[in-house]
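These notes are about the structure you will find just below.
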Amino acid sequence: MTTLYIDMMSQPSRACVIFCRVNNLNVEEKVVNIAKGSNRSDEYRQMNPLGKLPCLQESNFILPESASILRYIATTKGTPDHWYPRDPQQCARVNSALDWYHGNVRLHAAGLSWHRVIGKNMKQPVSEGRAKAHMTGLQTTLQTLEQYWLAHSPFLAGSDISVADLLYCCELDQLCLLDGAEQGPTMTELFKPFPKTQKWMIRVAESTDPHWTTVSSFLHKVAQRGKERKLKATQAKL
């Protein structure tokens, strides 16, 4: 039995869950609540000393890190080739996108949402200076998406969706939380200068529905509550 430890507020967790559900894989999902600190519990840390999510378990085999999990599942579960191609050059293109993800898309999107929204909600230390730095980095990242990764193809690695598209889009979708931030642009405002990226995100969601909508529903409920709180706070100042 393959078990996937996840939290639906974790961007890479959602990518792994969507991938497994789209491909109708027999994978058990176990929720580990990050907000409650369950990922830091002795029980979980005994299984995964890194204390991060997602994490895959098959008997005594433990595999952390979302990109590695997606590659492993794609190569061992017989999923359609476009997700993680067998052709060396096409596979290298997907790997290239996966490698670029961590130091660019995840670094800045997760950093911005943390310092503007998530960290504040969890009453953790945040820095507006770091938020602004991540904003600058994210704008550069989105520009690179437009001008390089999506310049000549509908998906990151070519004509069809891959595991890299799922990771990127789940990460960027988390920015819907900015709609409830006390300052800074909303997600719509942030993406307005990047039409290719907007269309690509819609394309990825449509290619993986209804699972995309189902898996992302909790995130968007949280984002909606944030927007409502922001609206009430604005009205109270009038």
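Each chain in the structure tokens gets a letter, A, B and so on, in the order shown; residues start at 1 in every chain, and ligands are counted from 1 in the order they appear.
For Leu112 of chain A, the set of protein, DNA and RNA residues having any atom at most 7 Å away, when counting only C-alpha atoms and skipping those fewer than 5 positions along the same chain, is Ala131, His134 and Met135 of chain A.
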Contacts of segment 229-234 of chain A within 12 Å, only C-alpha atoms, excl. fewer than 5 positions in-chain, as a PyMOL selection string: chain A and resi 117+121+177-183+186+222-224
So which residues touch segment 56-64 of chain A within 12 Å, counting only C-alpha atoms, skipping near sequence neighbours fewer than 5 positions away, as a PDB file with N, CA, C and O atoms, in the first residue's frame?
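Saved result, result.pdb, follows:
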```pdb
ATOM      1  N   MET A   1       0.838  -1.202   0.000  1.00  0.00           N
ATOM      2  CA  MET A   1       0.000   0.000   0.000  1.00  0.00           C
ATOM      3  C   MET A   1       0.875   1.255   0.000  1.00  0.00           C
ATOM      4  O   MET A   1       1.838   1.347   0.751  1.00  0.00           O
ATOM      5  N   THR A   2       0.505   2.176  -0.859  1.00  0.00           N
ATOM      6  CA  THR A   2       1.179   3.476  -0.904  1.00  0.00           C
ATOM      7  C   THR A   2       0.377   4.472  -0.082  1.00  0.00           C
ATOM      8  O   THR A   2      -0.833   4.619  -0.291  1.00  0.00           O
ATOM      9  N   THR A   3       1.047   5.135   0.846  1.00  0.00           N
ATOM     10  CA  THR A   3       0.388   6.127   1.693  1.00  0.00           C
ATOM     11  C   THR A   3       1.018   7.486   1.443  1.00  0.00           C
ATOM     12  O   THR A   3       2.245   7.607   1.390  1.00  0.00           O
ATOM     13  N   LEU A   4       0.165   8.480   1.291  1.00  0.00           N
ATOM     14  CA  LEU A   4       0.618   9.848   1.063  1.00  0.00           C
ATOM     15  C   LEU A   4       0.172  10.703   2.235  1.00  0.00           C
ATOM     16  O   LEU A   4      -1.022  10.827   2.515  1.00  0.00           O
ATOM     17  N   TYR A   5       1.135  11.269   2.938  1.00  0.00           N
ATOM     18  CA  TYR A   5       0.842  12.170   4.062  1.00  0.00           C
ATOM     19  C   TYR A   5       0.763  13.586   3.520  1.00  0.00           C
ATOM     20  O   TYR A   5       1.714  14.082   2.899  1.00  0.00           O
ATOM     21  N   ILE A   6      -0.376  14.228   3.777  1.00  0.00           N
ATOM     22  CA  ILE A   6      -0.629  15.520   3.132  1.00  0.00           C
ATOM     23  C   ILE A   6      -1.382  16.470   4.069  1.00  0.00           C
ATOM     24  O   ILE A   6      -1.914  16.077   5.103  1.00  0.00           O
ATOM     25  N   PRO A  12       2.405  21.805  -2.406  1.00  0.00           N
ATOM     26  CA  PRO A  12       2.878  20.573  -3.039  1.00  0.00           C
ATOM     27  C   PRO A  12       2.068  19.345  -2.652  1.00  0.00           C
ATOM     28  O   PRO A  12       1.993  18.386  -3.426  1.00  0.00           O
ATOM     29  N   SER A  13       1.444  19.366  -1.469  1.00  0.00           N
ATOM     30  CA  SER A  13       0.548  18.258  -1.108  1.00  0.00           C
ATOM     31  C   SER A  13      -0.612  18.191  -2.088  1.00  0.00           C
ATOM     32  O   SER A  13      -0.988  17.110  -2.559  1.00  0.00           O
ATOM     33  N   CYS A  16       0.383  16.610  -5.408  1.00  0.00           N
ATOM     34  CA  CYS A  16       0.504  15.158  -5.344  1.00  0.00           C
ATOM     35  C   CYS A  16      -0.863  14.481  -5.288  1.00  0.00           C
ATOM     36  O   CYS A  16      -1.093  13.452  -5.938  1.00  0.00           O
ATOM     37  N   VAL A  17      -1.779  15.048  -4.512  1.00  0.00           N
ATOM     38  CA  VAL A  17      -3.117  14.470  -4.398  1.00  0.00           C
ATOM     39  C   VAL A  17      -3.856  14.548  -5.733  1.00  0.00           C
ATOM     40  O   VAL A  17      -4.476  13.566  -6.174  1.00  0.00           O
ATOM     41  N   CYS A  20      -2.510  11.912  -8.148  1.00  0.00           N
ATOM     42  CA  CYS A  20      -2.963  10.560  -7.837  1.00  0.00           C
ATOM     43  C   CYS A  20      -4.437  10.368  -8.180  1.00  0.00           C
ATOM     44  O   CYS A  20      -4.823   9.323  -8.727  1.00  0.00           O
ATOM     45  N   VAL A  27      -3.933   5.028  -3.763  1.00  0.00           N
ATOM     46  CA  VAL A  27      -3.034   5.672  -2.801  1.00  0.00           C
ATOM     47  C   VAL A  27      -3.850   6.152  -1.607  1.00  0.00           C
ATOM     48  O   VAL A  27      -4.833   6.881  -1.769  1.00  0.00           O
ATOM     49  N   GLU A  28      -3.448   5.745  -0.430  1.00  0.00           N
ATOM     50  CA  GLU A  28      -4.120   6.180   0.787  1.00  0.00           C
ATOM     51  C   GLU A  28      -3.648   7.579   1.157  1.00  0.00           C
ATOM     52  O   GLU A  28      -2.445   7.859   1.154  1.00  0.00           O
ATOM     53  N   GLU A  29      -4.590   8.466   1.467  1.00  0.00           N
ATOM     54  CA  GLU A  29      -4.259   9.823   1.871  1.00  0.00           C
ATOM     55  C   GLU A  29      -4.436   9.957   3.385  1.00  0.00           C
ATOM     56  O   GLU A  29      -5.497   9.658   3.916  1.00  0.00           O
ATOM     57  N   LYS A  30      -3.386  10.390   4.064  1.00  0.00           N
ATOM     58  CA  LYS A  30      -3.454  10.639   5.499  1.00  0.00           C
ATOM     59  C   LYS A  30      -3.164  12.108   5.760  1.00  0.00           C
ATOM     60  O   LYS A  30      -2.095  12.609   5.397  1.00  0.00           O
ATOM     61  N   TYR A  44       4.930  11.471  13.868  1.00  0.00           N
ATOM     62  CA  TYR A  44       5.217  11.782  12.471  1.00  0.00           C
ATOM     63  C   TYR A  44       6.715  11.911  12.223  1.00  0.00           C
ATOM     64  O   TYR A  44       7.236  11.423  11.209  1.00  0.00           O
ATOM     65  N   ARG A  45       7.433  12.551  13.146  1.00  0.00           N
ATOM     66  CA  ARG A  45       8.874  12.739  12.970  1.00  0.00           C
ATOM     67  C   ARG A  45       9.624  11.407  13.016  1.00  0.00           C
ATOM     68  O   ARG A  45      10.698  11.281  12.440  1.00  0.00           O
ATOM     69  N   GLN A  46       9.075  10.431  13.686  1.00  0.00           N
ATOM     70  CA  GLN A  46       9.694   9.108  13.689  1.00  0.00           C
ATOM     71  C   GLN A  46       9.638   8.498  12.288  1.00  0.00           C
ATOM     72  O   GLN A  46      10.574   7.823  11.859  1.00  0.00           O
ATOM     73  N   MET A  47       8.536   8.762  11.590  1.00  0.00           N
ATOM     74  CA  MET A  47       8.390   8.256  10.229  1.00  0.00           C
ATOM     75  C   MET A  47       9.160   9.130   9.239  1.00  0.00           C
ATOM     76  O   MET A  47       9.873   8.643   8.359  1.00  0.00           O
ATOM     77  N   ASN A  48       9.025  10.461   9.391  1.00  0.00           N
ATOM     78  CA  ASN A  48       9.688  11.414   8.504  1.00  0.00           C
ATOM     79  C   ASN A  48      10.430  12.443   9.361  1.00  0.00           C
ATOM     80  O   ASN A  48       9.849  13.442   9.772  1.00  0.00           O
ATOM     81  N   PRO A  49      11.703  12.221   9.627  1.00  0.00           N
ATOM     82  CA  PRO A  49      12.474  13.132  10.487  1.00  0.00           C
ATOM     83  C   PRO A  49      12.523  14.569   9.983  1.00  0.00           C
ATOM     84  O   PRO A  49      12.753  15.493  10.769  1.00  0.00           O
ATOM     85  N   LEU A  50      12.298  14.783   8.677  1.00  0.00           N
ATOM     86  CA  LEU A  50      12.304  16.151   8.157  1.00  0.00           C
ATOM     87  C   LEU A  50      11.092  16.950   8.628  1.00  0.00           C
ATOM     88  O   LEU A  50      11.117  18.179   8.645  1.00  0.00           O
ATOM     89  N   GLY A  51      10.033  16.249   8.980  1.00  0.00           N
ATOM     90  CA  GLY A  51       8.844  16.924   9.491  1.00  0.00           C
ATOM     91  C   GLY A  51       8.106  17.752   8.460  1.00  0.00           C
ATOM     92  O   GLY A  51       7.375  18.678   8.813  1.00  0.00           O
ATOM     93  N   ILE A  69       8.515  12.701  -5.142  1.00  0.00           N
ATOM     94  CA  ILE A  69       7.312  11.879  -5.008  1.00  0.00           C
ATOM     95  C   ILE A  69       6.583  11.765  -6.339  1.00  0.00           C
ATOM     96  O   ILE A  69       6.194  10.664  -6.765  1.00  0.00           O
ATOM     97  N   LEU A  70       6.404  12.874  -7.020  1.00  0.00           N
ATOM     98  CA  LEU A  70       5.703  12.863  -8.304  1.00  0.00           C
ATOM     99  C   LEU A  70       6.454  12.039  -9.340  1.00  0.00           C
ATOM    100  O   LEU A  70       5.867  11.260 -10.095  1.00  0.00           O
ATOM    101  N   ARG A  71       7.776  12.203  -9.379  1.00  0.00           N
ATOM    102  CA  ARG A  71       8.577  11.412 -10.320  1.00  0.00           C
ATOM    103  C   ARG A  71       8.476   9.922 -10.008  1.00  0.00           C
ATOM    104  O   ARG A  71       8.355   9.091 -10.916  1.00  0.00           O
ATOM    105  N   TYR A  72       8.552   9.588  -8.732  1.00  0.00           N
ATOM    106  CA  TYR A  72       8.498   8.186  -8.315  1.00  0.00           C
ATOM    107  C   TYR A  72       7.154   7.557  -8.689  1.00  0.00           C
ATOM    108  O   TYR A  72       7.108   6.454  -9.251  1.00  0.00           O
ATOM    109  N   ILE A  73       6.072   8.246  -8.350  1.00  0.00           N
ATOM    110  CA  ILE A  73       4.751   7.708  -8.657  1.00  0.00           C
ATOM    111  C   ILE A  73       4.570   7.546 -10.166  1.00  0.00           C
ATOM    112  O   ILE A  73       4.064   6.521 -10.640  1.00  0.00           O
ATOM    113  N   THR A  76       6.531   4.463 -11.386  1.00  0.00           N
ATOM    114  CA  THR A  76       6.231   3.146 -10.808  1.00  0.00           C
ATOM    115  C   THR A  76       4.773   2.736 -10.920  1.00  0.00           C
ATOM    116  O   THR A  76       4.448   1.557 -10.716  1.00  0.00           O
TER     117      THR A  76
END
```
If you count only C-alpha atoms, which residues fall within 8 Å of segment 189-206 of chain A, apart from same-chain ones fewer than 3 positions away, as an mmCIF file with all heavy atoms, in the first residue's frame?
```cif
data_model
loop_
_atom_site.group_PDB
_atom_site.id
_atom_site.type_symbol
_atom_site.label_atom_id
_atom_site.label_comp_id
_atom_site.auth_asym_id
_atom_site.auth_seq_id
_atom_site.Cartn_x
_atom_site.Cartn_y
_atom_site.Cartn_z
ATOM 1 N N LEU A 142 7.266 35.469 -12.694
ATOM 2 C CA LEU A 142 6.119 35.443 -13.603
ATOM 3 C C LEU A 142 6.505 35.936 -14.997
ATOM 4 O O LEU A 142 6.020 35.420 -16.012
ATOM 5 C CB LEU A 142 4.975 36.289 -13.029
ATOM 6 C CG LEU A 142 4.338 35.747 -11.740
ATOM 7 C CD1 LEU A 142 3.339 36.750 -11.179
ATOM 8 C CD2 LEU A 142 3.656 34.408 -11.997
ATOM 9 N N GLN A 143 7.383 36.915 -15.044
ATOM 10 C CA GLN A 143 7.866 37.399 -16.336
ATOM 11 C C GLN A 143 8.645 36.301 -17.076
ATOM 12 O O GLN A 143 8.511 36.135 -18.293
ATOM 13 C CB GLN A 143 8.744 38.628 -16.136
ATOM 14 C CG GLN A 143 9.158 39.313 -17.439
ATOM 15 C CD GLN A 143 9.915 40.599 -17.183
ATOM 16 O OE1 GLN A 143 10.642 40.723 -16.206
ATOM 17 N NE2 GLN A 143 9.746 41.581 -18.051
ATOM 18 N N LEU A 145 8.180 33.088 -16.668
ATOM 19 C CA LEU A 145 7.169 32.132 -17.119
ATOM 20 C C LEU A 145 6.603 32.555 -18.472
ATOM 21 O O LEU A 145 6.473 31.742 -19.392
ATOM 22 C CB LEU A 145 6.034 32.026 -16.101
ATOM 23 C CG LEU A 145 6.206 31.053 -14.933
ATOM 24 C CD1 LEU A 145 5.059 31.219 -13.948
ATOM 25 C CD2 LEU A 145 6.271 29.621 -15.435
ATOM 26 N N GLU A 146 6.274 33.826 -18.579
ATOM 27 C CA GLU A 146 5.713 34.353 -19.829
ATOM 28 C C GLU A 146 6.699 34.269 -20.986
ATOM 29 O O GLU A 146 6.358 33.844 -22.095
ATOM 30 C CB GLU A 146 5.308 35.823 -19.648
ATOM 31 C CG GLU A 146 4.171 36.072 -18.694
ATOM 32 C CD GLU A 146 2.812 35.932 -19.350
ATOM 33 O OE1 GLU A 146 2.587 36.549 -20.413
ATOM 34 O OE2 GLU A 146 1.970 35.197 -18.795
ATOM 35 N N LEU A 150 6.538 29.458 -21.022
ATOM 36 C CA LEU A 150 5.264 29.401 -21.752
ATOM 37 C C LEU A 150 5.311 30.168 -23.073
ATOM 38 O O LEU A 150 4.275 30.418 -23.690
ATOM 39 C CB LEU A 150 4.139 29.964 -20.878
ATOM 40 C CG LEU A 150 3.883 29.212 -19.565
ATOM 41 C CD1 LEU A 150 2.899 29.981 -18.695
ATOM 42 C CD2 LEU A 150 3.367 27.796 -19.843
ATOM 43 N N PRO A 154 1.794 25.361 -24.792
ATOM 44 C CA PRO A 154 0.675 25.571 -23.858
ATOM 45 C C PRO A 154 0.968 25.125 -22.435
ATOM 46 O O PRO A 154 0.297 25.555 -21.499
ATOM 47 C CB PRO A 154 -0.451 24.727 -24.474
ATOM 48 C CG PRO A 154 0.251 23.679 -25.267
ATOM 49 C CD PRO A 154 1.495 24.331 -25.794
ATOM 50 N N PHE A 155 1.971 24.247 -22.268
ATOM 51 C CA PHE A 155 2.361 23.786 -20.936
ATOM 52 C C PHE A 155 3.864 23.979 -20.758
ATOM 53 O O PHE A 155 4.577 24.264 -21.716
ATOM 54 C CB PHE A 155 1.962 22.319 -20.729
ATOM 55 C CG PHE A 155 0.478 22.094 -20.740
ATOM 56 C CD1 PHE A 155 -0.167 21.680 -21.894
ATOM 57 C CD2 PHE A 155 -0.278 22.317 -19.603
ATOM 58 C CE1 PHE A 155 -1.541 21.484 -21.917
ATOM 59 C CE2 PHE A 155 -1.654 22.125 -19.607
ATOM 60 C CZ PHE A 155 -2.288 21.707 -20.766
ATOM 61 N N ILE A 161 0.277 18.398 -20.527
ATOM 62 C CA ILE A 161 0.514 18.656 -19.111
ATOM 63 C C ILE A 161 1.513 17.653 -18.524
ATOM 64 O O ILE A 161 1.569 16.492 -18.943
ATOM 65 C CB ILE A 161 -0.825 18.599 -18.336
ATOM 66 C CG1 ILE A 161 -0.666 19.155 -16.924
ATOM 67 C CG2 ILE A 161 -1.401 17.195 -18.338
ATOM 68 C CD1 ILE A 161 -1.991 19.327 -16.194
ATOM 69 N N ASP A 165 3.721 21.128 -14.266
ATOM 70 C CA ASP A 165 2.599 22.068 -14.340
ATOM 71 C C ASP A 165 1.765 22.025 -13.063
ATOM 72 O O ASP A 165 1.315 23.064 -12.572
ATOM 73 C CB ASP A 165 1.712 21.734 -15.543
ATOM 74 C CG ASP A 165 2.412 21.955 -16.871
ATOM 75 O OD1 ASP A 165 2.532 23.115 -17.286
ATOM 76 O OD2 ASP A 165 2.853 20.960 -17.479
ATOM 77 N N LEU A 166 1.551 20.829 -12.526
ATOM 78 C CA LEU A 166 0.781 20.708 -11.292
ATOM 79 C C LEU A 166 1.470 21.410 -10.130
ATOM 80 O O LEU A 166 0.834 22.146 -9.374
ATOM 81 C CB LEU A 166 0.569 19.234 -10.949
ATOM 82 C CG LEU A 166 -0.601 18.519 -11.606
ATOM 83 C CD1 LEU A 166 -0.686 17.085 -11.104
ATOM 84 C CD2 LEU A 166 -1.907 19.242 -11.352
ATOM 85 N N CYS A 169 1.314 25.317 -10.651
ATOM 86 C CA CYS A 169 -0.018 25.915 -10.532
ATOM 87 C C CYS A 169 -0.567 25.831 -9.111
ATOM 88 O O CYS A 169 -1.225 26.766 -8.650
ATOM 89 C CB CYS A 169 -0.977 25.254 -11.511
ATOM 90 S SG CYS A 169 -0.838 25.910 -13.182
ATOM 91 N N PRO A 185 -1.037 43.938 -3.540
ATOM 92 C CA PRO A 185 -1.993 43.602 -4.596
ATOM 93 C C PRO A 185 -2.756 42.318 -4.301
ATOM 94 O O PRO A 185 -2.285 41.443 -3.578
ATOM 95 C CB PRO A 185 -1.091 43.418 -5.821
ATOM 96 C CG PRO A 185 0.215 42.952 -5.252
ATOM 97 C CD PRO A 185 0.359 43.711 -3.959
ATOM 98 N N THR A 186 -3.950 42.226 -4.878
ATOM 99 C CA THR A 186 -4.699 40.975 -4.852
ATOM 100 C C THR A 186 -4.092 40.037 -5.895
ATOM 101 O O THR A 186 -3.235 40.436 -6.699
ATOM 102 C CB THR A 186 -6.171 41.205 -5.192
ATOM 103 O OG1 THR A 186 -6.261 41.705 -6.550
ATOM 104 C CG2 THR A 186 -6.806 42.208 -4.242
ATOM 105 N N ASP A 209 -9.661 18.767 -13.764
ATOM 106 C CA ASP A 209 -10.959 18.773 -13.079
ATOM 107 C C ASP A 209 -11.673 17.434 -13.282
ATOM 108 O O ASP A 209 -11.425 16.754 -14.277
ATOM 109 C CB ASP A 209 -11.825 19.929 -13.611
ATOM 110 C CG ASP A 209 -11.934 21.078 -12.622
ATOM 111 O OD1 ASP A 209 -11.626 20.870 -11.439
ATOM 112 O OD2 ASP A 209 -12.310 22.176 -13.032
ATOM 113 N N PRO A 210 -12.569 17.038 -12.360
ATOM 114 C CA PRO A 210 -13.058 17.809 -11.199
ATOM 115 C C PRO A 210 -12.120 17.780 -9.991
ATOM 116 O O PRO A 210 -12.402 18.405 -8.976
ATOM 117 C CB PRO A 210 -14.370 17.111 -10.866
ATOM 118 C CG PRO A 210 -14.106 15.681 -11.235
ATOM 119 C CD PRO A 210 -13.251 15.723 -12.470
ATOM 120 N N TRP A 212 -9.121 19.019 -9.507
ATOM 121 C CA TRP A 212 -8.518 20.320 -9.160
ATOM 122 C C TRP A 212 -9.452 21.111 -8.250
ATOM 123 O O TRP A 212 -9.036 21.609 -7.191
ATOM 124 C CB TRP A 212 -8.196 21.120 -10.424
ATOM 125 C CG TRP A 212 -7.652 22.485 -10.106
ATOM 126 C CD1 TRP A 212 -8.366 23.622 -9.801
ATOM 127 C CD2 TRP A 212 -6.267 22.851 -10.000
ATOM 128 N NE1 TRP A 212 -7.531 24.658 -9.519
ATOM 129 C CE2 TRP A 212 -6.236 24.225 -9.635
ATOM 130 C CE3 TRP A 212 -5.070 22.169 -10.191
ATOM 131 C CZ2 TRP A 212 -5.040 24.916 -9.455
ATOM 132 C CZ3 TRP A 212 -3.878 22.860 -10.009
ATOM 133 C CH2 TRP A 212 -3.870 24.220 -9.653
ATOM 134 N N THR A 213 -10.713 21.215 -8.641
ATOM 135 C CA THR A 213 -11.678 21.997 -7.878
ATOM 136 C C THR A 213 -11.901 21.405 -6.497
ATOM 137 O O THR A 213 -11.943 22.121 -5.489
ATOM 138 C CB THR A 213 -13.010 22.077 -8.634
ATOM 139 O OG1 THR A 213 -12.793 22.735 -9.893
ATOM 140 C CG2 THR A 213 -14.048 22.864 -7.846
#
```
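Minimum distance to Ile118 of chain A across A:Cys176, A:Gln90, A:Asp160, A:Arg14 (counting only C-alpha atoms) occurs at A:Cys176.
Straight-line separation from atom CA of Ala164 of chain A to atom CA of Lys132 of chain A: 26.4 Å.
In terms of minimum interatomic distance to Ala97 of chain A, A:Tyr148 ranks closest within A:Ser216, A:Gly184, A:Gly137, A:Tyr148, counting only C-alpha atoms.
In terms of minimum interatomic distance to Asn24 of chain A, A:Thr208 ranks closest within A:Gln89, A:Thr75, A:Asn39, A:Thr208, counting only C-alpha atoms.
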Which polymer residues have any atom within 9 Å of an atom of Val126 of chain A, counting only C-alpha atoms, with same-chain residues fewer than 3 positions away left out, as a count of residues only? 9
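Atom CA of Arg106 of chain A lies 19.9 Å from atom CA of Phe218 of chain A.
Distances to Asp81 of chain A were evaluated for A:Val163, A:His211, A:Leu107, A:Ser68 using only C-alpha atoms, and the minimum falls at A:Val163.
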With distances taken over only C-alpha atoms, which residue among A:Asn33, A:Ser162, A:Val22, A:Glu65 lies nearest Arg93 of chain A? A:Ser162
For the structure I just gave you, how does DSSP split segment 29-66 of chain A - specifically, which residues are strand (DSSP E or B)? Reply as a PyMOL selection string. chain A and resi 29-31+55-58+61-64
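Nearest-residue note for Leu172 of chain A: choosing from A:Thr144, A:Ser153, A:Ser113, A:Thr79, the minimum distance belongs to A:Ser113, counting only C-alpha atoms.
Note that the spacing between atom CA of Asn95 of chain A and atom CA of Leu175 of chain A amounts to 24.2 Å.
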